[in-house]
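Okay, structure first, notes after.
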Amino acid sequence: MSSNENAKAVRVLILGSGPTGYSAALYAARAELQPVVLTGLQLGGQAALTYTIENYPGFPEGVGGVQLGELFQKHAEHFGAITEFASANKVDLSSRPFKVEADSGNYLADTLIVGTGASPNHLEIPGEEELTGRGVSYCATCDGWFFKDKKVVIVGGGDSALEEGLFITRYASSVTIIHRREEFRASAILQDRARQHPKVNFILDTIVTEIVGSDKVKTLKLKNVKTNDETALETDGVFIFIGHTPNTQMFAGQLDMDDLGYIKVNDKMETNVPGVFAAGEAADPHFRQVVTSAGMGAAAAIQATRFLEAAESKSS
């Protein structure tokens, strides 16, 4: 790490500006800890990429992802949270205060809350990025309603692909699951449910090579991996579920993680380093919802407050 000269001393430093980060910031601000939020690259986190969020409590008509992010931010700042439009680039968690290097300068943090989230894995094919939000989605729970009575494709073969595929059958007229192998990684129960569902079809041993459309998804170009045969499939939408990668690479070797890179926490959002907490999708391979991430962020801030109180009572 570079010199600590001119480093900003912060009682609670929060990495990430999604529901996790700003929920944590709200609770820490109400505890008068003047938390600082480093936004990261995506203000509002993954939720801001969703056109309409219909499953966050209190918004019966739904709320835009960007709008909800702005409301989270305003609420936390109303109580004194500070937003820094910057990304953390390097951390040193070997001693307190923790050292964090960011675009906006260096910080010395008495406590650190990691809310850096996770990023959905992409197919990395032509048309995917251009048509994201126009028929390409990474969250059936978020966007399924928009495909009422439409034909959709699910790409993937794990539990999340089949779970989301089954979920979207309540809206879509048909669901075609495309998987690059003949066998699924998903549990047997989910496979049975999917195979027995009248709306679900399968295209196996196949990959999507291109997503075609101008203003919205029209067609998928497919390739059979065994025969190399190429075909086209008309569809109104494609949901991609080939896994998530938590944004935790910066903490490798300092925080305990599972094999997938999710930070290990206990029921109090505590990591293996006292004073460092992790919440939301950086530490949650299971639920990955706005409401659960917000709850975890609140829990992390409550525990960070208790940690600081205990540390201060020891030193007094």
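Following the order of the structure tokens, first chain is A, next is B, and so on, with residues numbered from 1 inside each chain and ligands from 1 in the order they appear.
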
Could you please write out, as an NGL selection string, every residue of stretch 80-228 of chain A that DSSP assigns to helix (DSSP H, G or I)?
:A and (140-147 or 159-168 or 188-196)

Any chance you could export the current selection's N, CA and C atoms as a short mmCIF file (atom, residue, chain, number, x, y, z; two decimals), in the first residue's frame?
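selection.cif written:
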```
data_model
loop_
_atom_site.label_atom_id
_atom_site.label_comp_id
_atom_site.auth_asym_id
_atom_site.auth_seq_id
_atom_site.Cartn_x
_atom_site.Cartn_y
_atom_site.Cartn_z
N ALA A 140 -34.95 -13.79 -14.17
CA ALA A 140 -36.35 -14.07 -14.48
C ALA A 140 -37.27 -13.51 -13.40
N THR A 141 -36.83 -13.57 -12.15
CA THR A 141 -37.63 -13.03 -11.05
C THR A 141 -37.89 -11.54 -11.25
N CYS A 142 -36.89 -10.84 -11.82
CA CYS A 142 -37.03 -9.40 -12.05
C CYS A 142 -37.87 -9.10 -13.29
N ASP A 143 -37.63 -9.82 -14.36
CA ASP A 143 -38.15 -9.42 -15.67
C ASP A 143 -39.18 -10.36 -16.27
N GLY A 144 -39.49 -11.46 -15.57
CA GLY A 144 -40.39 -12.46 -16.16
C GLY A 144 -41.73 -11.92 -16.59
N TRP A 145 -42.29 -11.00 -15.81
CA TRP A 145 -43.64 -10.49 -16.11
C TRP A 145 -43.73 -9.84 -17.48
N PHE A 146 -42.62 -9.28 -17.95
CA PHE A 146 -42.63 -8.59 -19.23
C PHE A 146 -42.76 -9.54 -20.42
N PHE A 147 -42.68 -10.83 -20.15
CA PHE A 147 -42.76 -11.81 -21.23
C PHE A 147 -44.06 -12.61 -21.15
N ASP A 159 -29.02 -25.42 -11.34
CA ASP A 159 -30.24 -25.21 -10.56
C ASP A 159 -30.91 -23.88 -10.90
N SER A 160 -30.10 -22.82 -10.99
CA SER A 160 -30.70 -21.50 -11.21
C SER A 160 -31.39 -21.44 -12.57
N ALA A 161 -30.80 -22.08 -13.58
CA ALA A 161 -31.41 -22.06 -14.92
C ALA A 161 -32.77 -22.74 -14.90
N LEU A 162 -32.86 -23.90 -14.26
CA LEU A 162 -34.13 -24.62 -14.24
C LEU A 162 -35.13 -23.97 -13.30
N GLU A 163 -34.65 -23.47 -12.16
CA GLU A 163 -35.54 -22.76 -11.23
C GLU A 163 -36.17 -21.55 -11.91
N GLU A 164 -35.32 -20.75 -12.57
CA GLU A 164 -35.83 -19.53 -13.22
C GLU A 164 -36.69 -19.90 -14.42
N GLY A 165 -36.32 -20.97 -15.12
CA GLY A 165 -37.13 -21.42 -16.24
C GLY A 165 -38.52 -21.83 -15.80
N LEU A 166 -38.60 -22.57 -14.70
CA LEU A 166 -39.90 -22.98 -14.17
C LEU A 166 -40.68 -21.76 -13.66
N PHE A 167 -39.98 -20.82 -13.06
CA PHE A 167 -40.64 -19.61 -12.56
C PHE A 167 -41.31 -18.86 -13.70
N ILE A 168 -40.61 -18.76 -14.82
CA ILE A 168 -41.12 -17.93 -15.92
C ILE A 168 -42.26 -18.60 -16.67
N ALA A 188 -31.98 -33.50 -9.46
CA ALA A 188 -32.91 -34.41 -10.12
C ALA A 188 -34.35 -33.93 -10.00
N ILE A 189 -34.70 -33.38 -8.83
CA ILE A 189 -36.08 -32.91 -8.62
C ILE A 189 -36.43 -31.80 -9.62
N LEU A 190 -35.51 -30.86 -9.80
CA LEU A 190 -35.75 -29.76 -10.73
C LEU A 190 -35.83 -30.27 -12.17
N GLN A 191 -34.96 -31.23 -12.49
CA GLN A 191 -35.00 -31.80 -13.84
C GLN A 191 -36.34 -32.47 -14.10
N ASP A 192 -36.82 -33.22 -13.10
CA ASP A 192 -38.12 -33.91 -13.26
C ASP A 192 -39.25 -32.90 -13.46
N ARG A 193 -39.23 -31.85 -12.64
CA ARG A 193 -40.29 -30.84 -12.76
C ARG A 193 -40.28 -30.19 -14.14
N ALA A 194 -39.06 -29.87 -14.61
CA ALA A 194 -38.95 -29.21 -15.91
C ALA A 194 -39.41 -30.13 -17.04
N ARG A 195 -39.01 -31.39 -16.98
CA ARG A 195 -39.36 -32.33 -18.05
C ARG A 195 -40.87 -32.61 -18.08
N GLN A 196 -41.49 -32.53 -16.92
CA GLN A 196 -42.93 -32.82 -16.86
C GLN A 196 -43.80 -31.61 -17.15
#
```

Closest to A:Tyr27 among A:Ala311, A:Leu123, A:Val12, A:Ile240, using only C-alpha atoms?
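The shortest atom-to-atom distance to A:Tyr27 comes from A:Val12.
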
Using only C-alpha atoms, determine which residues lie at most 9 Å from stretch 212-224 of chain A, disregarding the query and same-chain residues fewer than 4 positions distant; provide the list as a VMD selection string.
chain A and resid 126 to 128 130 to 136 180 204 to 208 228 to 238

Can you list every residue of stretch 236-295 of chain A that has an atom at most 8 Å from stretch 99-119 of chain A, with its nearest atom pair and the distance in Å to one decimal, using only C-alpha atoms, ordered by chain then number, as a Markdown table?
```
| residue | atom | partner | partner_atom | distance |
| --- | --- | --- | --- | --- |
| A:His244 | CA | A:Ser119 | CA | 5.5 |
| A:Thr245 | CA | A:Ser119 | CA | 5.3 |
| A:Pro246 | CA | A:Ala118 | CA | 3.7 |
| A:Asn247 | CA | A:Ala118 | CA | 5.0 |
| A:Thr248 | CA | A:Thr116 | CA | 7.0 |
| A:Gly275 | CA | A:Thr111 | CA | 4.9 |
| A:Val276 | CA | A:Leu112 | CA | 4.8 |
| A:Phe277 | CA | A:Ile113 | CA | 4.7 |
| A:Ala278 | CA | A:Val114 | CA | 4.5 |
| A:Ala279 | CA | A:Gly115 | CA | 5.5 |
| A:Gly280 | CA | A:Gly115 | CA | 5.9 |
| A:Glu281 | CA | A:Gly117 | CA | 4.4 |
| A:Ala282 | CA | A:Gly117 | CA | 4.4 |
| A:Ala283 | CA | A:Gly117 | CA | 7.9 |
```

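Between atom CA of A:Thr176 and atom CA of A:Lys151 the interatomic distance comes to 8.0 Å.
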
Using only C-alpha atoms, find the one residue out of A:Asn121, A:Gln34, A:Thr52, A:Thr39 that sits nearest to A:His78.
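For A:His78, the nearest of the candidates is A:Gln34.
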
Leaving out A:Lys264 and any residue of its chain fewer than 5 positions from it, which residues lie within 9 Å of it when counting only C-alpha atoms, given as number ranges by chain?
A: 255-258, 269-272, 278, 283-284
